[in-house]
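Beneath this line is the structure, given in structure tokens, with notes to follow.
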Amino acid sequence: MGLIDDSKRINDLIDERAVLVGLITPQQNETKAHEYLDELEFLATTAGATTVKKFTQRCDAPNMTSFVGKGKLEEIATFIDENDINLVIFDDDLTPKQAYNIEKAVKVKVLDRTSLILDIFAKRAQTANAKMQVELAQYQYLLPRLAGMWTHLERQRGGIGMRGPGEEQIETDRRIVKTKIALLKQKLLAWDKQKTIQRKNRGKLTRIALVGYTNVGKSTLMNVLSKSDVFAENKLFATLDTTCRKVVIENLPFLLTDTVGFIRKLPTHLVESFKTTLDEVRDSDILIHVVDISHPQFEEQVEVVNKTLQEVCEAVNKEMIMVFNKVDQFSYVPKDDDDLTPRLRENIPLDELKQTWMARMEGNCVFISAKNLTNIEELKQLIYKKAHAIHTERFPYNDFLYQKYDDLE
């Protein structure tokens with residue numbers, strides 16, 4: 001067992017009553033702040049906590065010592081004391097100093113967005129590989145925060161003859177964590193070599209990977225296309241383990257891979273720990289970018305995924321099919337004629353929305369409902385067209401035989 005007991009951390013969140021805290025800044029306006037808090041609430045629900053109240057504060061930048069101002073922190077502490085709250089979750093990463101000062105003021109457990117996501121990852125990981133990847137991300141997150149964990153000891157100031165027991169313990173723990181990180185990297189490297197060999201052994205079959213924001217329906221679509229039973233649930237990060245299935249459309253075989261979903265404010269080191277998933281994306285010939293078109297901020301989610309693909313996966317220039325899922329859940333509120341405010345996504349019908357930037361995708365997009373099987377055949381035909389072009393390039397002789405056989409018929 002490592003320094004972090006994953007099961008205990010998750011169980012600690014079950015049935016907990018939480019308050020959420022976010023900031024309104026010049027870089028993050030009020031609308032964005034509330035959107036992020038709504039997503040944070042979904043994360044908390046996924047982890048098993050119940051959100052009781054959301055707090056926001058308008059400021060130029062986070063307070064260096066307590067994230068929010070002194071008055072707001074006192075307000076949060078009073079609400080916690082009066083409403084039996086046992087958890088505070090912040091929408092941004094906290095420094096060790098901020099976390100210690102906040103916990104000292106509110107006297108309950110304090111988490112930030114990254115630690116909450118790590119807990120969910122620990123809960124969702126099923127295979128040995130995924131568990132190792134999560135543990136690596138946890139230790140990388142923990143390492144710079146060890147100092148804050150030892151402030152309860154009477155640590156003396158540094159210098160010759162001034163080292164206290166707390167400082168010695170921090171250095172010991174740092175060595176332990178660094179050793180664990182090195183060992184996990186070695187194990188994951190060996191696992192990655194094994195996966196690389198497996199990918200090479202798959203031959204030259206066309207490879208297609210499902211990518212997208214978390215909870216957009218990738219696993220549901222995987223089940224529909226491959227007729228398998230990949231776990232799918234209406235919660236964030238329902239899928240962490242990479243799943244690969246052989247799919248055949250009109251006698252054309254290809255490999256379809258389901259990958260972990262992305263999310264806003266997801267730390268790079270957390271994404272990079274899932275190297276196997278990213279390698280599946282890098283090695284794919286075609287990416288199917290699944291989008292939840294019923295989500296009010298689906299366009300921002302598209303940008304988040306594209307940015308992650310470009311920065312981490314180096315796969316943004318691959319052949320891509322945009323699949324706008326959940327059309328059965330799409331809704332809009334018609335705008336009154338006398339309303340002079342700018343139109344929002346919520347006021348635009350689906351048919352009109354299709355005429356925006358989506359119309360410039362030259363037929364590389366399709367609107368479906370994986371749950372209700374709406375337009376699935378249209379999607380299959382589009383996949384077949386793309387996969388067949390790659391298959392023909394790799395196996396021209398086989399394609400010639402297929403053509404001759406078709407001519408005879």
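A note on labels: chains of the structure tokens are A, B, ... as shown, every chain counts residues from 1, and ligands are counted from 1 in their shown order.
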- Item | Who sits within 12 Å of Lys187 of chain A, only C-alpha atoms, same chain under 6 positions skipped, as an NGL selection string | :A and (128-133 or 135-136 or 180-181 or 193-194)
Quick one: write out the picked residues with N, CA and C atoms as a PDB file, in the first residue's frame?
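Okay, result-v7.pdb is ready:
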ATOM      1  N   ALA A 128      -4.851  -2.995 -13.084  1.00  0.00           N
ATOM      2  CA  ALA A 128      -3.590  -2.700 -12.393  1.00  0.00           C
ATOM      3  C   ALA A 128      -2.885  -1.514 -13.035  1.00  0.00           C
ATOM      4  N   ASN A 129      -2.958  -1.429 -14.366  1.00  0.00           N
ATOM      5  CA  ASN A 129      -2.300  -0.331 -15.070  1.00  0.00           C
ATOM      6  C   ASN A 129      -2.921   1.007 -14.702  1.00  0.00           C
ATOM      7  N   ALA A 130      -4.249   1.085 -14.728  1.00  0.00           N
ATOM      8  CA  ALA A 130      -4.931   2.336 -14.381  1.00  0.00           C
ATOM      9  C   ALA A 130      -4.651   2.726 -12.940  1.00  0.00           C
ATOM     10  N   LYS A 131      -4.614   1.754 -12.042  1.00  0.00           N
ATOM     11  CA  LYS A 131      -4.336   2.052 -10.631  1.00  0.00           C
ATOM     12  C   LYS A 131      -2.931   2.608 -10.455  1.00  0.00           C
ATOM     13  N   MET A 132      -1.976   2.058 -11.192  1.00  0.00           N
ATOM     14  CA  MET A 132      -0.612   2.593 -11.126  1.00  0.00           C
ATOM     15  C   MET A 132      -0.551   4.018 -11.666  1.00  0.00           C
ATOM     16  N   GLN A 133      -1.273   4.269 -12.752  1.00  0.00           N
ATOM     17  CA  GLN A 133      -1.280   5.607 -13.329  1.00  0.00           C
ATOM     18  C   GLN A 133      -1.882   6.615 -12.360  1.00  0.00           C
ATOM     19  N   GLU A 135      -2.003   6.289  -9.057  1.00  0.00           N
ATOM     20  CA  GLU A 135      -1.102   6.430  -7.915  1.00  0.00           C
ATOM     21  C   GLU A 135       0.070   7.357  -8.255  1.00  0.00           C
ATOM     22  N   LEU A 136       0.592   7.242  -9.478  1.00  0.00           N
ATOM     23  CA  LEU A 136       1.670   8.131  -9.906  1.00  0.00           C
ATOM     24  C   LEU A 136       1.211   9.581  -9.878  1.00  0.00           C
ATOM     25  N   LYS A 180       8.892   6.205  -4.639  1.00  0.00           N
ATOM     26  CA  LYS A 180       7.658   5.620  -5.164  1.00  0.00           C
ATOM     27  C   LYS A 180       7.386   6.097  -6.586  1.00  0.00           C
ATOM     28  N   ILE A 181       7.601   7.392  -6.847  1.00  0.00           N
ATOM     29  CA  ILE A 181       7.385   7.935  -8.192  1.00  0.00           C
ATOM     30  C   ILE A 181       8.313   7.255  -9.193  1.00  0.00           C
ATOM     31  N   LYS A 193       5.882  -0.641 -22.808  1.00  0.00           N
ATOM     32  CA  LYS A 193       6.595  -1.439 -23.806  1.00  0.00           C
ATOM     33  C   LYS A 193       5.755  -2.650 -24.209  1.00  0.00           C
ATOM     34  N   GLN A 194       5.113  -3.258 -23.207  1.00  0.00           N
ATOM     35  CA  GLN A 194       4.248  -4.405 -23.494  1.00  0.00           C
ATOM     36  C   GLN A 194       3.073  -4.000 -24.373  1.00  0.00           C
TER      37      GLN A 194
END
- Which residues come within 12 Å of Lys72 of chain A, counting only C-alpha atoms, excluding same-chain residues fewer than 3 positions away, as a ChimeraX atom specification? /A:21-23,55-59,63,66-69,75-79,102,105-106
- Query: What separation in Å, quoted to one decimal, exists between atom CA of Glu319 of chain A and atom CA of Asp351 of chain A?
  - Reply: 25.4 Å
- From the list A:Asn306, A:Gln297, A:Glu280, A:Tyr100, which residue is nearest His34 of chain A when using only C-alpha atoms? A:Gln297
- Query: Any idea what's packed within 10 Å of segment 370-385 of chain A, counting only C-alpha atoms, ignoring anything in its chain fewer than 2 positions away? Could you give it as a ChimeraX atom specification?
  - Reply: /A:208,217-225,248-254,286,288,321-328,363-368,387-391
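As for atom CA of Ser115 of chain A and atom CA of Thr242 of chain A, they are spaced 22.3 Å apart.
Across the structure, atom CA of Gln169 of chain A and atom CA of Arg145 of chain A are spaced 13.5 Å apart.
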- Surrounding residues of Lys265 of chain A excluding itself and chain neighbours under 4 positions, 10 Å, only C-alpha atoms, as number ranges by chain: A: 36, 91-93, 113-114, 304
- Item | helix (DSSP H, G or I) per DSSP on the backbone: members of segment 291-349 of chain A, as JSON, numbers by chain | {"A": [298, 299, 300, 301, 302, 303, 304, 305, 306, 307, 308, 309, 310, 311, 312, 313, 327, 328, 329, 345, 346, 347]}
Those same residues - N, CA and C atoms - I'd like them written as a PDB file, in the first residue's frame.
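selection30.pdb written:
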ATOM      1  N   PHE A 298     -20.984  23.409 -24.918  1.00  0.00           N
ATOM      2  CA  PHE A 298     -20.335  22.343 -25.681  1.00  0.00           C
ATOM      3  C   PHE A 298     -19.203  22.882 -26.551  1.00  0.00           C
ATOM      4  N   GLU A 299     -19.308  24.118 -27.030  1.00  0.00           N
ATOM      5  CA  GLU A 299     -18.247  24.668 -27.876  1.00  0.00           C
ATOM      6  C   GLU A 299     -16.956  24.862 -27.088  1.00  0.00           C
ATOM      7  N   GLU A 300     -17.077  25.272 -25.837  1.00  0.00           N
ATOM      8  CA  GLU A 300     -15.875  25.396 -24.999  1.00  0.00           C
ATOM      9  C   GLU A 300     -15.283  24.019 -24.719  1.00  0.00           C
ATOM     10  N   GLN A 301     -16.144  23.019 -24.542  1.00  0.00           N
ATOM     11  CA  GLN A 301     -15.653  21.665 -24.321  1.00  0.00           C
ATOM     12  C   GLN A 301     -14.876  21.174 -25.539  1.00  0.00           C
ATOM     13  N   VAL A 302     -15.355  21.511 -26.736  1.00  0.00           N
ATOM     14  CA  VAL A 302     -14.642  21.160 -27.963  1.00  0.00           C
ATOM     15  C   VAL A 302     -13.250  21.791 -27.956  1.00  0.00           C
ATOM     16  N   GLU A 303     -13.157  23.053 -27.554  1.00  0.00           N
ATOM     17  CA  GLU A 303     -11.877  23.749 -27.504  1.00  0.00           C
ATOM     18  C   GLU A 303     -10.931  23.100 -26.496  1.00  0.00           C
ATOM     19  N   VAL A 304     -11.480  22.692 -25.337  1.00  0.00           N
ATOM     20  CA  VAL A 304     -10.659  22.042 -24.309  1.00  0.00           C
ATOM     21  C   VAL A 304     -10.052  20.751 -24.849  1.00  0.00           C
ATOM     22  N   VAL A 305     -10.865  19.946 -25.523  1.00  0.00           N
ATOM     23  CA  VAL A 305     -10.382  18.675 -26.071  1.00  0.00           C
ATOM     24  C   VAL A 305      -9.345  18.922 -27.158  1.00  0.00           C
ATOM     25  N   ASN A 306      -9.615  19.849 -28.067  1.00  0.00           N
ATOM     26  CA  ASN A 306      -8.662  20.133 -29.144  1.00  0.00           C
ATOM     27  C   ASN A 306      -7.340  20.650 -28.590  1.00  0.00           C
ATOM     28  N   LYS A 307      -7.409  21.486 -27.565  1.00  0.00           N
ATOM     29  CA  LYS A 307      -6.186  22.015 -26.962  1.00  0.00           C
ATOM     30  C   LYS A 307      -5.384  20.897 -26.306  1.00  0.00           C
ATOM     31  N   THR A 308      -6.081  19.999 -25.603  1.00  0.00           N
ATOM     32  CA  THR A 308      -5.404  18.880 -24.951  1.00  0.00           C
ATOM     33  C   THR A 308      -4.781  17.956 -25.986  1.00  0.00           C
ATOM     34  N   LEU A 309      -5.511  17.688 -27.064  1.00  0.00           N
ATOM     35  CA  LEU A 309      -4.975  16.837 -28.125  1.00  0.00           C
ATOM     36  C   LEU A 309      -3.720  17.436 -28.732  1.00  0.00           C
ATOM     37  N   GLN A 310      -3.716  18.757 -28.881  1.00  0.00           N
ATOM     38  CA  GLN A 310      -2.576  19.432 -29.493  1.00  0.00           C
ATOM     39  C   GLN A 310      -1.378  19.482 -28.555  1.00  0.00           C
ATOM     40  N   GLU A 311      -1.623  19.809 -27.267  1.00  0.00           N
ATOM     41  CA  GLU A 311      -0.527  20.020 -26.328  1.00  0.00           C
ATOM     42  C   GLU A 311       0.037  18.718 -25.782  1.00  0.00           C
ATOM     43  N   VAL A 312      -0.830  17.748 -25.531  1.00  0.00           N
ATOM     44  CA  VAL A 312      -0.402  16.536 -24.843  1.00  0.00           C
ATOM     45  C   VAL A 312      -0.300  15.348 -25.786  1.00  0.00           C
ATOM     46  N   CYS A 313      -1.293  15.193 -26.660  1.00  0.00           N
ATOM     47  CA  CYS A 313      -1.329  14.009 -27.523  1.00  0.00           C
ATOM     48  C   CYS A 313      -0.657  14.237 -28.865  1.00  0.00           C
ATOM     49  N   VAL A 327     -28.595  14.433 -29.338  1.00  0.00           N
ATOM     50  CA  VAL A 327     -29.547  15.343 -29.985  1.00  0.00           C
ATOM     51  C   VAL A 327     -30.944  15.184 -29.393  1.00  0.00           C
ATOM     52  N   ASP A 328     -31.205  14.031 -28.772  1.00  0.00           N
ATOM     53  CA  ASP A 328     -32.516  13.809 -28.143  1.00  0.00           C
ATOM     54  C   ASP A 328     -32.704  14.671 -26.905  1.00  0.00           C
ATOM     55  N   GLN A 329     -31.588  15.168 -26.337  1.00  0.00           N
ATOM     56  CA  GLN A 329     -31.659  16.008 -25.138  1.00  0.00           C
ATOM     57  C   GLN A 329     -31.486  17.492 -25.447  1.00  0.00           C
ATOM     58  N   ARG A 345     -26.547  30.559 -27.001  1.00  0.00           N
ATOM     59  CA  ARG A 345     -26.724  29.220 -27.536  1.00  0.00           C
ATOM     60  C   ARG A 345     -28.080  28.651 -27.131  1.00  0.00           C
ATOM     61  N   GLU A 346     -28.536  29.005 -25.940  1.00  0.00           N
ATOM     62  CA  GLU A 346     -29.803  28.495 -25.427  1.00  0.00           C
ATOM     63  C   GLU A 346     -31.003  28.980 -26.240  1.00  0.00           C
ATOM     64  N   ASN A 347     -30.802  30.032 -27.081  1.00  0.00           N
ATOM     65  CA  ASN A 347     -31.908  30.587 -27.868  1.00  0.00           C
ATOM     66  C   ASN A 347     -31.884  30.147 -29.333  1.00  0.00           C
TER      67      ASN A 347
END
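Nearest residue to Asp112 of chain A among A:Thr341, A:Thr392, A:Gln126, A:Thr95 is A:Thr95, counting only C-alpha atoms.
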- Message: For a quick check of understanding, using only C-alpha atoms, which of A:Leu210, A:Val88, A:Ile293, A:Val216 has the smallest distance to Leu353 of chain A?
- Response: A:Ile293
- Of A:Phe90, A:Leu116, A:Thr46, A:Tyr139, the one nearest to Thr179 of chain A when counting only C-alpha atoms is A:Tyr139
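Within 7 Å of Ala209 of chain A, once only C-alpha atoms are used and residues closer than 6 positions along the same chain are dropped, the contacting residues are Leu256, Thr257, Asp258, Val281, Ser284, Ile286, Leu287 and Ile288 of chain A.
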Could you name the residues that touch Phe42 of chain A at 12 Å or less, counting only C-alpha atoms, but leaving out those on the same chain fewer than 2 positions away, as a CSV table (one decimal) with N, CA, C and O atoms, in the first residue's frame?
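The new file part-v4.csv reads:
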chain,number,residue,atom,x,y,z
A,20,LEU,N,-18.9,24.7,-2.0
A,20,LEU,CA,-18.0,24.9,-3.1
A,20,LEU,C,-17.6,26.4,-3.2
A,20,LEU,O,-18.4,27.3,-2.9
A,35,GLU,N,-20.4,28.5,-14.2
A,35,GLU,CA,-20.3,27.2,-15.0
A,35,GLU,C,-19.3,26.3,-14.4
A,35,GLU,O,-19.6,25.0,-14.3
A,36,TYR,N,-18.1,26.8,-14.0
A,36,TYR,CA,-17.1,25.9,-13.4
A,36,TYR,C,-17.6,25.3,-12.1
A,36,TYR,O,-17.3,24.1,-11.8
A,37,LEU,N,-18.3,26.1,-11.3
A,37,LEU,CA,-18.8,25.6,-10.0
A,37,LEU,C,-19.9,24.5,-10.3
A,37,LEU,O,-20.0,23.6,-9.5
A,38,ASP,N,-20.7,24.7,-11.3
A,38,ASP,CA,-21.7,23.6,-11.7
A,38,ASP,C,-21.0,22.3,-12.0
A,38,ASP,O,-21.4,21.3,-11.6
A,39,GLU,N,-19.9,22.4,-12.8
A,39,GLU,CA,-19.1,21.3,-13.1
A,39,GLU,C,-18.4,20.7,-11.9
A,39,GLU,O,-18.4,19.4,-11.7
A,40,LEU,N,-18.0,21.5,-11.0
A,40,LEU,CA,-17.4,21.1,-9.7
A,40,LEU,C,-18.4,20.3,-8.9
A,40,LEU,O,-18.1,19.4,-8.2
A,44,ALA,N,-18.2,16.6,-7.4
A,44,ALA,CA,-18.5,16.3,-6.0
A,44,ALA,C,-19.6,15.2,-5.9
A,44,ALA,O,-19.4,14.2,-5.1
A,45,THR,N,-20.6,15.3,-6.7
A,45,THR,CA,-21.6,14.3,-6.7
A,45,THR,C,-21.1,12.9,-7.2
A,45,THR,O,-21.4,11.9,-6.6
A,46,THR,N,-20.2,12.9,-8.2
A,46,THR,CA,-19.6,11.7,-8.7
A,46,THR,C,-18.8,11.0,-7.6
A,46,THR,O,-18.8,9.8,-7.4
A,47,ALA,N,-18.1,11.9,-6.7
A,47,ALA,CA,-17.3,11.4,-5.6
A,47,ALA,C,-18.2,10.9,-4.4
A,47,ALA,O,-17.7,10.2,-3.6
A,48,GLY,N,-19.5,11.3,-4.4
A,48,GLY,CA,-20.3,10.9,-3.3
A,48,GLY,C,-20.7,12.0,-2.3
A,48,GLY,O,-21.3,11.7,-1.3
A,49,ALA,N,-20.4,13.2,-2.6
A,49,ALA,CA,-20.7,14.3,-1.7
A,49,ALA,C,-21.9,15.1,-2.2
A,49,ALA,O,-22.2,15.2,-3.4
A,50,THR,N,-22.6,15.7,-1.2
A,50,THR,CA,-23.8,16.5,-1.5
A,50,THR,C,-23.4,18.0,-1.4
A,50,THR,O,-22.9,18.4,-0.3
A,51,THR,N,-23.6,18.8,-2.4
A,51,THR,CA,-23.3,20.2,-2.4
A,51,THR,C,-24.5,21.0,-1.7
A,51,THR,O,-25.6,20.9,-2.2
A,91,ASP,N,-12.4,25.5,-6.4
A,91,ASP,CA,-12.5,25.2,-7.9
A,91,ASP,C,-11.1,25.3,-8.5
A,91,ASP,O,-10.9,24.9,-9.7
A,113,ARG,N,-9.8,21.3,-6.7
A,113,ARG,CA,-10.3,20.6,-7.9
A,113,ARG,C,-9.5,19.4,-8.2
A,113,ARG,O,-10.0,18.3,-8.5
A,116,LEU,N,-9.8,16.4,-5.8
A,116,LEU,CA,-11.2,15.8,-6.0
A,116,LEU,C,-11.1,14.9,-7.2
A,116,LEU,O,-11.6,13.7,-7.2
A,117,ILE,N,-10.6,15.4,-8.3
A,117,ILE,CA,-10.5,14.5,-9.5
A,117,ILE,C,-9.6,13.3,-9.3
A,117,ILE,O,-9.9,12.2,-9.7
A,120,ILE,N,-11.7,10.7,-7.6
A,120,ILE,CA,-12.6,10.0,-8.5
A,120,ILE,C,-11.8,9.1,-9.4
A,120,ILE,O,-12.3,7.9,-9.6
A,214,THR,N,-15.3,14.6,-20.9
A,214,THR,CA,-15.9,13.5,-20.0
A,214,THR,C,-17.4,13.6,-20.0
A,214,THR,O,-18.0,14.7,-20.1
A,215,ASN,N,-18.1,12.5,-20.0
A,215,ASN,CA,-19.5,12.3,-19.9
A,215,ASN,C,-20.3,12.8,-21.1
A,215,ASN,O,-21.4,13.4,-21.0
A,234,ASN,N,-23.9,8.0,-16.3
A,234,ASN,CA,-24.0,9.4,-16.3
A,234,ASN,C,-23.3,10.1,-15.2
A,234,ASN,O,-23.9,10.8,-14.3
A,235,LYS,N,-22.0,9.9,-15.1
A,235,LYS,CA,-21.1,10.5,-14.2
A,235,LYS,C,-19.8,10.8,-14.8
A,235,LYS,O,-19.4,10.2,-15.9
A,236,LEU,N,-19.0,11.8,-14.3
A,236,LEU,CA,-17.8,12.2,-14.8
A,236,LEU,C,-16.7,11.1,-14.7
A,236,LEU,O,-16.7,10.4,-13.6
A,237,PHE,N,-15.9,10.9,-15.7
A,237,PHE,CA,-14.8,9.9,-15.6
A,237,PHE,C,-15.4,8.5,-15.3
A,237,PHE,O,-14.8,7.7,-14.5
A,263,ILE,N,-11.3,17.2,-19.3
A,263,ILE,CA,-12.1,18.1,-18.5
A,263,ILE,C,-11.3,19.4,-18.4
A,263,ILE,O,-10.1,19.5,-18.5
